[in-house]
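The file upload.cif comes next; it holds mmCIF, C-alpha atoms and all ligand atoms.
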data_run
#
loop_
_atom_site.label_atom_id
_atom_site.label_comp_id
_atom_site.auth_asym_id
_atom_site.auth_seq_id
_atom_site.Cartn_x
_atom_site.Cartn_y
_atom_site.Cartn_z
CA MET A 938 -31.85 -6.81 -16.24
CA SER A 939 -28.80 -8.26 -14.61
CA CYS A 940 -27.31 -6.94 -11.42
CA ASP A 941 -24.09 -4.87 -11.44
CA PHE A 942 -21.87 -7.61 -10.07
CA ILE A 943 -18.81 -5.34 -10.01
CA ASP A 944 -20.61 -3.19 -7.43
CA LEU A 945 -21.00 -6.23 -5.19
CA ALA A 946 -17.26 -6.83 -4.80
CA ASN A 947 -15.12 -5.62 -1.90
CA SER A 948 -14.15 -2.03 -2.65
CA GLY A 949 -10.41 -2.86 -2.84
CA ILE A 950 -11.05 -5.56 -5.40
CA GLN A 951 -13.30 -3.29 -7.49
CA GLY A 952 -10.31 -1.01 -8.08
CA LEU A 953 -7.86 -3.79 -9.00
CA SER A 954 -6.47 -4.59 -12.44
CA PRO A 955 -5.41 -8.20 -13.01
CA TYR A 956 -1.72 -9.14 -13.02
CA GLN A 957 -0.31 -8.97 -16.57
CA PRO A 958 1.90 -11.99 -17.19
CA GLY A 959 4.62 -12.22 -19.83
CA LYS A 960 3.29 -13.22 -23.23
CA PRO A 961 3.33 -17.02 -23.66
CA ILE A 962 5.45 -18.38 -26.54
CA GLU A 963 2.51 -20.29 -28.05
CA GLU A 964 0.34 -17.18 -28.11
CA LEU A 965 2.90 -15.20 -30.11
CA GLU A 966 3.50 -18.13 -32.47
CA ARG A 967 -0.26 -18.35 -33.06
CA GLU A 968 -0.71 -14.61 -33.55
CA LEU A 969 2.18 -13.94 -35.90
CA GLY A 970 2.64 -17.36 -37.46
CA LEU A 971 6.21 -17.44 -36.16
CA SER A 972 8.25 -20.35 -34.91
CA ASN A 973 11.45 -20.35 -32.91
CA VAL A 974 10.23 -17.65 -30.57
CA VAL A 975 12.55 -16.61 -27.72
CA LYS A 976 10.80 -15.71 -24.46
CA LEU A 977 12.83 -13.58 -22.11
CA ALA A 978 9.82 -12.11 -20.36
CA SER A 979 9.15 -13.91 -17.08
CA ASN A 980 12.52 -14.52 -15.40
CA GLU A 981 12.18 -18.24 -16.04
CA ASN A 982 15.20 -20.52 -15.93
CA PRO A 983 16.57 -20.96 -19.48
CA LEU A 984 18.06 -24.38 -18.65
CA GLY A 985 14.65 -26.05 -18.49
CA PRO A 986 13.62 -28.01 -15.41
CA PRO A 987 16.17 -30.07 -13.44
CA GLN A 988 16.26 -33.72 -14.60
CA SER A 989 16.16 -34.73 -10.93
CA ALA A 990 12.82 -32.93 -10.57
CA LEU A 991 11.41 -34.58 -13.70
CA ASP A 992 12.31 -37.99 -12.30
CA ALA A 993 10.66 -37.13 -9.00
CA CYS A 994 7.52 -35.96 -10.85
CA ARG A 995 7.32 -39.24 -12.74
CA ALA A 996 7.54 -41.21 -9.51
CA ALA A 997 4.92 -38.95 -7.87
CA MET A 998 2.47 -39.56 -10.73
CA ASN A 999 1.64 -42.99 -9.34
CA GLY A 1000 0.05 -41.27 -6.37
CA LEU A 1001 -2.05 -38.72 -8.26
CA HIS A 1002 -5.32 -40.26 -7.04
CA LEU A 1003 -4.34 -39.27 -3.48
CA TYR A 1004 -4.42 -35.81 -1.93
CA PRO A 1005 -0.95 -34.37 -1.42
CA ASP A 1006 0.66 -34.35 2.03
CA ALA A 1007 -0.98 -31.18 3.37
CA SER A 1008 1.83 -30.74 5.89
CA GLY A 1009 4.53 -30.95 3.20
CA TYR A 1010 6.53 -33.04 5.66
CA ARG A 1011 9.31 -34.18 3.34
CA LEU A 1012 9.94 -30.85 1.64
CA LYS A 1013 9.84 -29.01 4.97
CA THR A 1014 12.29 -31.49 6.47
CA SER A 1015 14.72 -30.91 3.58
CA LEU A 1016 14.28 -27.15 3.75
CA SER A 1017 14.74 -27.01 7.50
CA ALA A 1018 17.99 -28.98 7.27
CA LYS A 1019 19.25 -26.81 4.43
CA LEU A 1020 18.31 -23.49 6.04
CA GLY A 1021 19.04 -24.34 9.66
CA VAL A 1022 15.51 -23.48 10.81
CA GLN A 1023 12.75 -25.49 12.52
CA PRO A 1024 10.05 -27.05 10.31
CA GLU A 1025 7.51 -25.06 12.38
CA GLN A 1026 8.98 -21.88 10.90
CA LEU A 1027 8.10 -22.90 7.33
CA THR A 1028 4.96 -22.22 5.30
CA LEU A 1029 4.72 -23.72 1.82
CA GLY A 1030 2.84 -21.89 -0.90
CA ASN A 1031 1.55 -22.29 -4.44
CA GLY A 1032 4.48 -20.18 -5.53
CA SER A 1033 5.78 -17.55 -3.13
CA ASN A 1034 3.02 -15.37 -4.59
CA ASP A 1035 0.59 -17.48 -2.56
CA VAL A 1036 2.59 -16.86 0.62
CA LEU A 1037 2.71 -13.09 -0.04
CA ASP A 1038 -1.04 -13.15 -0.42
CA LEU A 1039 -1.50 -15.15 2.78
CA LEU A 1040 0.60 -12.59 4.65
CA ALA A 1041 -1.65 -9.79 3.41
CA ARG A 1042 -4.79 -11.73 4.35
CA VAL A 1043 -3.52 -12.49 7.83
CA PHE A 1044 -2.18 -9.08 8.80
CA LEU A 1045 -4.12 -6.52 6.74
CA ASP A 1046 -7.71 -5.27 6.73
CA GLY A 1047 -9.61 -2.04 6.08
CA ASP A 1048 -8.11 -0.44 9.20
CA SER A 1049 -4.46 -1.08 8.47
CA SER A 1050 -1.73 -0.13 6.04
CA ALA A 1051 1.30 -1.65 4.32
CA VAL A 1052 4.48 0.06 3.14
CA TYR A 1053 6.31 -0.76 -0.08
CA SER A 1054 8.47 1.10 -2.58
CA GLN A 1055 7.77 2.65 -5.93
CA HIS A 1056 8.86 0.21 -8.72
CA ALA A 1057 8.50 -2.74 -6.29
CA PHE A 1058 7.16 -6.14 -7.34
CA VAL A 1059 3.56 -5.68 -8.48
CA VAL A 1060 2.17 -8.50 -6.35
CA TYR A 1061 2.51 -6.27 -3.24
CA PRO A 1062 0.03 -3.61 -4.42
CA ILE A 1063 -2.36 -6.31 -5.59
CA ALA A 1064 -2.24 -8.21 -2.28
CA VAL A 1065 -2.56 -5.05 -0.19
CA GLN A 1066 -5.47 -3.67 -2.19
CA ALA A 1067 -7.28 -7.01 -2.28
CA ALA A 1068 -7.08 -7.07 1.53
CA GLY A 1069 -8.75 -3.64 1.58
CA ALA A 1070 -5.77 -2.05 3.30
CA ARG A 1071 -4.14 1.30 2.65
CA ALA A 1072 -0.95 1.29 0.58
CA ILE A 1073 1.88 3.61 1.58
CA VAL A 1074 4.23 3.82 -1.40
CA THR A 1075 7.60 5.48 -0.87
CA PRO A 1076 9.58 7.04 -3.73
CA ALA A 1077 12.45 4.98 -5.12
CA GLN A 1078 16.05 6.06 -4.84
CA SER A 1079 18.18 5.33 -7.95
CA TRP A 1080 15.46 2.84 -8.94
CA GLY A 1081 15.92 0.89 -5.67
CA HIS A 1082 14.15 0.94 -2.31
CA ASP A 1083 14.81 3.99 -0.11
CA LEU A 1084 14.84 2.19 3.23
CA GLN A 1085 15.10 5.39 5.24
CA ALA A 1086 11.95 6.72 3.57
CA MET A 1087 10.28 3.37 4.16
CA ALA A 1088 11.16 3.38 7.87
CA GLU A 1089 9.83 6.92 8.22
CA ALA A 1090 6.62 6.05 6.34
CA ILE A 1091 5.59 3.41 8.87
CA ASP A 1092 2.36 4.62 10.47
CA SER A 1093 0.58 3.60 13.67
CA ASP A 1094 -1.76 1.35 11.64
CA THR A 1095 1.04 -0.23 9.55
CA ARG A 1096 1.17 -4.01 9.91
CA LEU A 1097 3.34 -5.05 6.95
CA VAL A 1098 6.34 -3.77 5.03
CA PHE A 1099 7.29 -5.48 1.77
CA ILE A 1100 10.93 -5.37 0.65
CA ALA A 1101 12.17 -7.18 -2.45
CA ASN A 1102 15.88 -7.95 -2.27
CA PRO A 1103 16.78 -7.95 -5.08
CA ASN A 1104 13.78 -6.14 -6.51
CA ASN A 1105 11.95 -7.14 -9.66
CA PRO A 1106 11.83 -5.45 -12.23
CA THR A 1107 14.75 -3.17 -11.34
CA GLY A 1108 17.31 -5.78 -10.20
CA THR A 1109 18.44 -3.38 -7.47
CA TRP A 1110 19.53 -4.79 -4.13
CA LEU A 1111 20.19 -3.81 -0.52
CA THR A 1112 23.26 -4.53 1.58
CA GLU A 1113 23.23 -6.26 4.96
CA GLN A 1114 24.15 -2.98 6.62
CA ASP A 1115 21.21 -1.19 4.92
CA VAL A 1116 18.74 -3.88 5.92
CA ARG A 1117 19.97 -4.13 9.52
CA HIS A 1118 19.88 -0.37 9.93
CA PHE A 1119 16.30 -0.42 8.63
CA LEU A 1120 15.15 -3.32 10.83
CA ALA A 1121 16.55 -1.61 13.91
CA GLN A 1122 14.12 1.27 13.31
CA VAL A 1123 11.00 -0.84 12.71
CA PRO A 1124 8.63 -1.29 15.67
CA ASP A 1125 8.44 -4.95 16.69
CA ASN A 1126 4.70 -5.10 15.98
CA VAL A 1127 5.28 -4.46 12.28
CA ILE A 1128 5.97 -7.51 10.11
CA VAL A 1129 8.75 -7.00 7.57
CA VAL A 1130 8.52 -9.29 4.54
CA LEU A 1131 11.86 -9.75 2.83
CA ASP A 1132 11.14 -11.22 -0.59
CA GLU A 1133 14.23 -13.14 -1.68
CA ALA A 1134 12.90 -14.69 -4.90
CA TYR A 1135 16.30 -14.20 -6.59
CA ALA A 1136 18.58 -14.69 -3.57
CA GLU A 1137 20.36 -17.72 -5.07
CA TYR A 1138 21.68 -15.61 -7.95
CA VAL A 1139 23.21 -12.86 -5.84
CA GLU A 1140 26.95 -13.12 -5.39
CA GLU A 1141 27.76 -9.76 -3.79
CA ALA A 1142 29.69 -10.18 -0.54
CA ASP A 1143 27.53 -7.79 1.47
CA TYR A 1144 24.18 -9.23 0.33
CA PRO A 1145 22.34 -10.29 3.49
CA ASP A 1146 20.91 -13.73 4.20
CA GLY A 1147 17.44 -12.92 5.51
CA VAL A 1148 17.30 -16.16 7.47
CA GLU A 1149 20.34 -15.10 9.51
CA LEU A 1150 18.78 -11.71 10.25
CA MET A 1151 15.74 -13.45 11.74
CA ALA A 1152 17.79 -14.35 14.81
CA ASP A 1153 17.88 -10.64 15.72
CA TYR A 1154 14.51 -9.62 14.28
CA PRO A 1155 11.64 -12.04 15.02
CA ASN A 1156 9.23 -9.75 13.12
CA LEU A 1157 11.07 -10.61 9.88
CA VAL A 1158 9.50 -12.99 7.35
CA VAL A 1159 11.63 -14.24 4.45
CA THR A 1160 10.02 -15.58 1.27
CA ARG A 1161 11.75 -17.68 -1.40
CA THR A 1162 10.72 -19.67 -4.44
CA PHE A 1163 11.49 -22.66 -6.64
CA SER A 1164 10.36 -20.69 -9.71
CA LYS A 1165 13.62 -18.98 -10.60
CA ALA A 1166 17.05 -20.50 -9.88
CA TYR A 1167 15.49 -23.96 -9.29
CA GLY A 1168 13.70 -23.93 -12.64
CA LEU A 1169 10.20 -24.98 -11.52
CA ALA A 1170 8.00 -21.93 -12.27
CA GLY A 1171 5.30 -24.10 -13.86
CA LEU A 1172 4.83 -26.22 -10.75
CA ARG A 1173 4.27 -23.30 -8.36
CA VAL A 1174 6.22 -23.83 -5.15
CA GLY A 1175 7.47 -21.16 -2.80
CA TYR A 1176 7.80 -20.79 0.94
CA ALA A 1177 8.06 -18.43 3.87
CA ILE A 1178 10.45 -18.67 6.80
CA SER A 1179 9.10 -16.90 9.86
CA HIS A 1180 8.55 -17.01 13.59
CA PRO A 1181 6.51 -20.20 14.36
CA ASP A 1182 3.53 -18.07 15.49
CA VAL A 1183 3.46 -16.27 12.14
CA ALA A 1184 3.63 -19.66 10.39
CA ASP A 1185 0.73 -20.83 12.59
CA LEU A 1186 -1.36 -17.84 11.47
CA LEU A 1187 -0.53 -18.36 7.78
CA ASN A 1188 -1.46 -22.00 8.16
CA ARG A 1189 -4.94 -21.01 9.40
CA VAL A 1190 -5.88 -19.33 6.10
CA ARG A 1191 -3.81 -21.47 3.74
CA ALA A 1192 -5.90 -23.59 1.35
CA PRO A 1193 -5.58 -27.15 2.71
CA PHE A 1194 -3.72 -28.65 -0.28
CA ASN A 1195 -2.16 -25.52 -1.75
CA VAL A 1196 0.97 -27.32 -3.00
CA ASN A 1197 0.32 -30.33 -5.20
CA SER A 1198 2.06 -33.68 -4.89
CA MET A 1199 4.19 -33.40 -8.04
CA ALA A 1200 5.33 -29.96 -6.97
CA LEU A 1201 6.27 -31.20 -3.48
CA ALA A 1202 8.30 -34.07 -4.92
CA ALA A 1203 9.98 -31.96 -7.60
CA ALA A 1204 10.92 -29.16 -5.21
CA GLU A 1205 12.51 -31.63 -2.81
CA ALA A 1206 14.56 -33.12 -5.64
CA ALA A 1207 15.57 -29.70 -7.00
CA LEU A 1208 16.60 -28.50 -3.56
CA ASN A 1209 19.08 -31.35 -3.32
CA ASP A 1210 20.35 -30.88 -6.88
CA SER A 1211 23.31 -28.62 -6.20
CA ASP A 1212 24.66 -29.37 -9.65
CA TYR A 1213 21.61 -27.84 -11.37
CA LEU A 1214 21.77 -24.78 -9.14
CA ALA A 1215 25.44 -24.29 -9.94
CA ARG A 1216 24.69 -24.51 -13.68
CA SER A 1217 21.82 -22.01 -13.30
CA LEU A 1218 24.12 -19.53 -11.64
CA ASP A 1219 26.86 -20.08 -14.18
CA VAL A 1220 24.56 -19.56 -17.19
CA ASN A 1221 23.17 -16.46 -15.53
CA ARG A 1222 26.56 -14.99 -14.70
CA ARG A 1223 27.79 -15.40 -18.27
CA GLY A 1224 24.49 -14.31 -19.81
CA MET A 1225 24.36 -11.17 -17.70
CA ILE A 1226 27.81 -10.15 -18.95
CA GLN A 1227 26.81 -10.92 -22.55
CA LEU A 1228 23.61 -8.88 -22.31
CA GLY A 1229 25.27 -6.05 -20.39
CA GLU A 1230 28.02 -5.69 -22.99
CA GLY A 1231 25.61 -6.07 -25.90
CA LEU A 1232 23.15 -3.51 -24.59
CA SER A 1233 25.91 -1.04 -23.90
CA LYS A 1234 27.23 -1.51 -27.48
CA LEU A 1235 23.74 -0.61 -28.66
CA GLY A 1236 24.03 2.59 -26.64
CA LEU A 1237 21.28 1.61 -24.21
CA ASP A 1238 21.34 2.38 -20.49
CA VAL A 1239 20.61 -0.42 -18.06
CA ILE A 1240 19.88 -0.55 -14.35
CA PRO A 1241 22.68 -2.67 -12.85
CA SER A 1242 21.04 -5.93 -11.76
CA VAL A 1243 21.96 -8.83 -9.48
CA GLY A 1244 18.96 -10.96 -10.55
CA ASN A 1245 18.40 -13.11 -13.65
CA PHE A 1246 16.99 -10.17 -15.61
CA ILE A 1247 17.94 -6.64 -16.55
CA ALA A 1248 15.90 -3.50 -17.08
CA VAL A 1249 16.99 -1.49 -20.11
CA ALA A 1250 15.91 2.04 -20.99
CA MET A 1251 14.74 2.44 -24.58
CA PRO A 1252 15.17 5.76 -26.41
CA GLY A 1253 11.42 6.47 -26.07
CA ARG A 1254 8.29 4.79 -24.76
CA ALA A 1255 8.89 1.04 -24.54
CA GLY A 1256 5.55 -0.10 -26.02
CA PRO A 1257 6.45 0.26 -29.72
CA TYR A 1258 9.85 -1.39 -29.12
CA TYR A 1259 8.17 -4.27 -27.32
CA GLN A 1260 5.81 -4.73 -30.30
CA ALA A 1261 8.65 -4.52 -32.81
CA LEU A 1262 10.61 -7.13 -30.86
CA LEU A 1263 7.57 -9.44 -30.91
CA GLU A 1264 7.62 -9.22 -34.69
CA GLN A 1265 11.23 -10.39 -34.54
CA GLY A 1266 10.12 -13.35 -32.41
CA VAL A 1267 11.53 -12.02 -29.14
CA ILE A 1268 9.31 -11.57 -26.11
CA ALA A 1269 10.59 -9.03 -23.57
CA ARG A 1270 8.55 -7.48 -20.78
CA PRO A 1271 7.22 -3.94 -20.80
CA VAL A 1272 7.12 -2.54 -17.26
CA GLY A 1273 4.80 0.45 -17.60
CA VAL A 1274 2.70 -0.81 -14.69
CA TYR A 1275 5.82 -0.26 -12.55
CA GLU A 1276 5.92 3.43 -13.52
CA MET A 1277 8.82 2.65 -15.85
CA PRO A 1278 7.34 3.58 -19.24
CA LYS A 1279 10.68 3.62 -21.10
CA HIS A 1280 12.08 0.35 -19.78
CA LEU A 1281 11.90 -3.20 -21.00
CA ARG A 1282 12.84 -6.03 -18.66
CA ILE A 1283 14.87 -8.77 -20.32
CA THR A 1284 15.42 -12.14 -18.67
CA VAL A 1285 18.91 -13.58 -18.98
CA GLY A 1286 18.66 -16.56 -21.34
CA LEU A 1287 21.01 -19.06 -22.92
CA GLU A 1288 23.86 -17.63 -25.00
CA GLN A 1289 21.91 -18.14 -28.25
CA GLU A 1290 18.76 -16.55 -26.84
CA ASN A 1291 20.65 -13.52 -25.58
CA ALA A 1292 22.28 -13.17 -28.98
CA ARG A 1293 18.87 -13.36 -30.71
CA CYS A 1294 17.54 -10.71 -28.38
CA LEU A 1295 20.49 -8.37 -29.01
CA GLU A 1296 20.20 -8.83 -32.79
CA ALA A 1297 16.48 -8.13 -32.65
CA LEU A 1298 17.06 -5.03 -30.53
CA SER A 1299 19.67 -3.81 -32.96
CA ALA A 1300 17.27 -4.28 -35.89
CA VAL A 1301 14.44 -2.58 -34.04
CA LEU A 1302 16.60 0.39 -33.03
CA ASN A 1303 17.56 0.92 -36.67
CA GLU A 1304 13.97 0.83 -37.94
CA PRO A 1305 12.46 4.22 -38.71
CA ARG A 1306 9.99 5.03 -35.95
CA SER A 1307 6.66 6.66 -36.62
C1 LIG B 1 9.08 -14.20 -9.44
C2 LIG B 1 8.94 -13.47 -8.15
C3 LIG B 1 8.31 -14.05 -7.04
C4 LIG B 1 7.87 -15.44 -7.00
O1 LIG B 1 7.01 -15.93 -7.79
P1 LIG B 1 6.41 -17.37 -7.53
O2 LIG B 1 6.57 -18.03 -8.83
O3 LIG B 1 5.01 -17.11 -7.13
O4 LIG B 1 7.20 -18.04 -6.44
C5 LIG B 1 8.28 -13.36 -5.85
N1 LIG B 1 8.81 -12.14 -5.75
C6 LIG B 1 9.43 -11.56 -6.76
C7 LIG B 1 10.05 -10.25 -6.54
C8 LIG B 1 9.48 -12.19 -8.00
O5 LIG B 1 10.05 -11.57 -9.03
#

Write the structure described by the file as structure tokens, please.
Ligand SMILES: *Cc1c(COP(=O)(O)O)cnc(C)c1O
Amino acid sequence: MSCDFIDLANSGIQGLSPYQPGKPIEELERELGLSNVVKLASNENPLGPPQSALDACRAAMNGLHLYPDASGYRLKTSLSAKLGVQPEQLTLGNGSNDVLDLLARVFLDGDSSAVYSQHAFVVYPIAVQAAGARAIVTPAQSWGHDLQAMAEAIDSDTRLVFIANPNNPTGTWLTEQDVRHFLAQVPDNVIVVLDEAYAEYVEEADYPDGVELMADYPNLVVTRTFSKAYGLAGLRVGYAISHPDVADLLNRVRAPFNVNSMALAAAEAALNDSDYLARSLDVNRRGMIQLGEGLSKLGLDVIPSVGNFIAVAMPGRAGPYYQALLEQGVIARPVGVYEMPKHLRITVGLEQENARCLEALSAVLNEPRS
């Protein structure tokens, strides 16, 4: 008889469910025998990768027999110049997901807690629970974070607070005034993680730059990624900007070569490709208007979003609509795990892709529902 291996795991991990990614295009094509599938499920950049990054990858291939530069010297040098921070304040990760996980491993254990909001990015609950810590989840306010509730929820054993600005999957965002007012109330022995995975897309005048706030709040950690506006989700590169001592701690648990050599080279090239970034933002700006107008014509309510995605409320539970869209060759993202059973999250795509999605939604809404 074999042993019950599940019983052997850390208790936090025993209770975890794995992260559910967006459905891959190939999988849907295989399952339904479709071609020309449109995937608007994972907030990926519809432009494809930057040509500059592809060229850098090709050059880096000649060194694939060597371990990557574990210190990420070149990428950190470029980032530090761009952000106006010291290289010692930077931690590179295998996606910013890696960095979020490192933060949980460094600061959380069975005797501590972390605060995050209802509907917040699902990696926070996973990281907190895997670390065996207690999660304090505050109710959302108009789908966004209620920072006052979050400040009041901080307990004596709280070590981390996770804030997504803007948040995924809701697209809601917080102003500089909101964030400053919050930070002023947080004890200085509590680390506040400001997840800015979509910061590049946000064009609102009072959207804060987390890096600037760090001057006043050394307990602030900002995380960013190359997966979204920089178009490199498949390579997995993200980073944290923090106090050098926090970076030192993260570096102690970081896997030695957590960012591979192609990813390092591509991220450096993408960072310097201001033309690609400008095109990303432009496509997103226009696509968001197209989707917003189209969804409203279909009579659907959306949560106003500043990211590269939009959450739309379906007339009933989202599951059947998600399935019906798959049959039309359109992959959206159900967000039931975020306690949003009626919503689908749609990534802003190219004009054609958005149009396909709107047509498919229109067809699906007109189908008789059982
Ligand atoms: C996509 C996303 C991330 C980053 O993902 P990585 O690909 O791991 O860098 C982080 N936070 C939020 C809120 C996201 O939506």

* Identify the residues within 12 Å of coordinate (11.8, -27.7, 9.3) (same frame as the file), considering all atoms listed in the file, and give the answer as a ChimeraX atom specification. => /A:1008-1029,1176-1181,1184

Using the selection just defined, write its residues with C-alpha atoms as a compact mmCIF listing (two decimals), in the frame of the given file.
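To be explicit, this is the file written out as selection31.txt:
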# COMPACT_ATOMS: atom_id res chain seq x y z
CA SER A 1008 1.83 -30.74 5.89
CA GLY A 1009 4.53 -30.95 3.20
CA TYR A 1010 6.53 -33.04 5.66
CA ARG A 1011 9.31 -34.18 3.34
CA LEU A 1012 9.94 -30.85 1.64
CA LYS A 1013 9.84 -29.01 4.97
CA THR A 1014 12.29 -31.49 6.47
CA SER A 1015 14.72 -30.91 3.58
CA LEU A 1016 14.28 -27.15 3.75
CA SER A 1017 14.74 -27.01 7.50
CA ALA A 1018 17.99 -28.98 7.27
CA LYS A 1019 19.25 -26.81 4.43
CA LEU A 1020 18.31 -23.49 6.04
CA GLY A 1021 19.04 -24.34 9.66
CA VAL A 1022 15.51 -23.48 10.81
CA GLN A 1023 12.75 -25.49 12.52
CA PRO A 1024 10.05 -27.05 10.31
CA GLU A 1025 7.51 -25.06 12.38
CA GLN A 1026 8.98 -21.88 10.90
CA LEU A 1027 8.10 -22.90 7.33
CA THR A 1028 4.96 -22.22 5.30
CA LEU A 1029 4.72 -23.72 1.82
CA TYR A 1176 7.80 -20.79 0.94
CA ALA A 1177 8.06 -18.43 3.87
CA ILE A 1178 10.45 -18.67 6.80
CA SER A 1179 9.10 -16.90 9.86
CA HIS A 1180 8.55 -17.01 13.59
CA PRO A 1181 6.51 -20.20 14.36
CA ALA A 1184 3.63 -19.66 10.39

* Asked: Do you have the CA of Val1074 (chain A)-CA of Val1052 (chain A) distance handy?
  -> 5.9 Å

All residues having an atom within 9 Å of ligand LIG 1 (chain B) (all atoms listed in the file) as an mmCIF file with C-alpha atoms, keeping the file's coordinate frame:
data_model
loop_
_atom_site.group_PDB
_atom_site.id
_atom_site.type_symbol
_atom_site.label_atom_id
_atom_site.label_comp_id
_atom_site.auth_asym_id
_atom_site.auth_seq_id
_atom_site.Cartn_x
_atom_site.Cartn_y
_atom_site.Cartn_z
ATOM 1 C CA SER A 979 9.150 -13.910 -17.080
ATOM 2 C CA ASN A 980 12.520 -14.520 -15.400
ATOM 3 C CA GLU A 981 12.180 -18.240 -16.040
ATOM 4 C CA GLY A 1030 2.840 -21.890 -0.900
ATOM 5 C CA ASN A 1031 1.550 -22.290 -4.440
ATOM 6 C CA GLY A 1032 4.480 -20.180 -5.530
ATOM 7 C CA SER A 1033 5.780 -17.550 -3.130
ATOM 8 C CA ASN A 1034 3.020 -15.370 -4.590
ATOM 9 C CA ASP A 1035 0.590 -17.480 -2.560
ATOM 10 C CA VAL A 1036 2.590 -16.860 0.620
ATOM 11 C CA LEU A 1037 2.710 -13.090 -0.040
ATOM 12 C CA ALA A 1057 8.500 -2.740 -6.290
ATOM 13 C CA PHE A 1058 7.160 -6.140 -7.340
ATOM 14 C CA VAL A 1059 3.560 -5.680 -8.480
ATOM 15 C CA VAL A 1060 2.170 -8.500 -6.350
ATOM 16 C CA TYR A 1061 2.510 -6.270 -3.240
ATOM 17 C CA ILE A 1100 10.930 -5.370 0.650
ATOM 18 C CA ALA A 1101 12.170 -7.180 -2.450
ATOM 19 C CA ASN A 1102 15.880 -7.950 -2.270
ATOM 20 C CA PRO A 1103 16.780 -7.950 -5.080
ATOM 21 C CA ASN A 1104 13.780 -6.140 -6.510
ATOM 22 C CA ASN A 1105 11.950 -7.140 -9.660
ATOM 23 C CA PRO A 1106 11.830 -5.450 -12.230
ATOM 24 C CA ASP A 1132 11.140 -11.220 -0.590
ATOM 25 C CA GLU A 1133 14.230 -13.140 -1.680
ATOM 26 C CA ALA A 1134 12.900 -14.690 -4.900
ATOM 27 C CA TYR A 1135 16.300 -14.200 -6.590
ATOM 28 C CA THR A 1160 10.020 -15.580 1.270
ATOM 29 C CA ARG A 1161 11.750 -17.680 -1.400
ATOM 30 C CA THR A 1162 10.720 -19.670 -4.440
ATOM 31 C CA PHE A 1163 11.490 -22.660 -6.640
ATOM 32 C CA SER A 1164 10.360 -20.690 -9.710
ATOM 33 C CA LYS A 1165 13.620 -18.980 -10.600
ATOM 34 C CA LEU A 1169 10.200 -24.980 -11.520
ATOM 35 C CA ALA A 1170 8.000 -21.930 -12.270
ATOM 36 C CA GLY A 1171 5.300 -24.100 -13.860
ATOM 37 C CA LEU A 1172 4.830 -26.220 -10.750
ATOM 38 C CA ARG A 1173 4.270 -23.300 -8.360
ATOM 39 C CA VAL A 1174 6.220 -23.830 -5.150
ATOM 40 C CA GLY A 1175 7.470 -21.160 -2.800
ATOM 41 C CA TYR A 1176 7.800 -20.790 0.940
#

* Name all residues at most 8 Å from Ala1090 (chain A) (count only C-alpha atoms; drop same-chain ones fewer than 4 positions away) and give them as a PyMOL selection string. => chain A and resi 1052+1073+1075+1086

The selected residues should be written to file as a PDB file, in the coordinates of the input (atoms: C-alpha atoms).
ATOM      1  CA  VAL A1052       4.480   0.060   3.140  1.00  0.00           C
ATOM      2  CA  ILE A1073       1.880   3.610   1.580  1.00  0.00           C
ATOM      3  CA  THR A1075       7.600   5.480  -0.870  1.00  0.00           C
ATOM      4  CA  ALA A1086      11.950   6.720   3.570  1.00  0.00           C
TER       5      ALA A1086
END

* Figure out the distance between CA of Leu1295 (chain A) and CA of Asn1245 (chain A), please, to one decimal in Å. =>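 Value for the CA of Asn1245 (chain A)-CA of Leu1295 (chain A) distance: 16.2 Å.
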
* **d(CA of Leu969 (chain A), CA of Leu1263 (chain A)) in Å** => 8.6 Å

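By chain and then residue number, the residues within 9 Å of Leu1298 (chain A) are Leu1232, Leu1235, Tyr1258, Ala1261, Leu1262, Gln1265, Arg1293 and Asn1303 of chain A, counting all atoms listed in the file and disregarding those fewer than 5 positions away in sequence.
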
Enclose the full set of atoms of region 1235-1245 of chain A listed in the file within a box whose edges lie along x, y and z, apply 5 Å of padding to each of the six sides, and report centre and edge lengths in Å to one decimal as AutoDock Vina command-line options.
--center_x 21.2 --center_y -5.3 --center_z -19.1 --size_x 15.6 --size_y 25.7 --size_z 29.2

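Residues in contact range of Leu984 (chain A), defined as at most 8 Å between only C-alpha atoms, with sequence neighbours fewer than 6 positions away removed, read Gly1168, Ser1217 and Leu1287 of chain A.
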
* Find the residue from A:Val1190, A:Leu1281, A:Ile1247, A:Ala1077 that sits nearest to His1056 (chain A); use only C-alpha atoms when measuring. =>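 Selected residue with least distance to His1056 (chain A): A:Ala1077.
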
* Residue nearest Leu991 (chain A) - candidates A:Ala1200, A:Ala1192, A:Met1251, A:Pro961, atoms counted: only C-alpha atoms ->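 Looking at the shortest contact to Leu991 (chain A), the residue is A:Ala1200.
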
* To do: Check the smallest atom-to-atom distance from each of A:Val1249, A:Leu1218, A:Ala996, A:Leu1237 to Leu1302 (chain A) using all atoms listed in the file, then report the winner.
  =>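 The closest residue to Leu1302 (chain A) is A:Leu1237.
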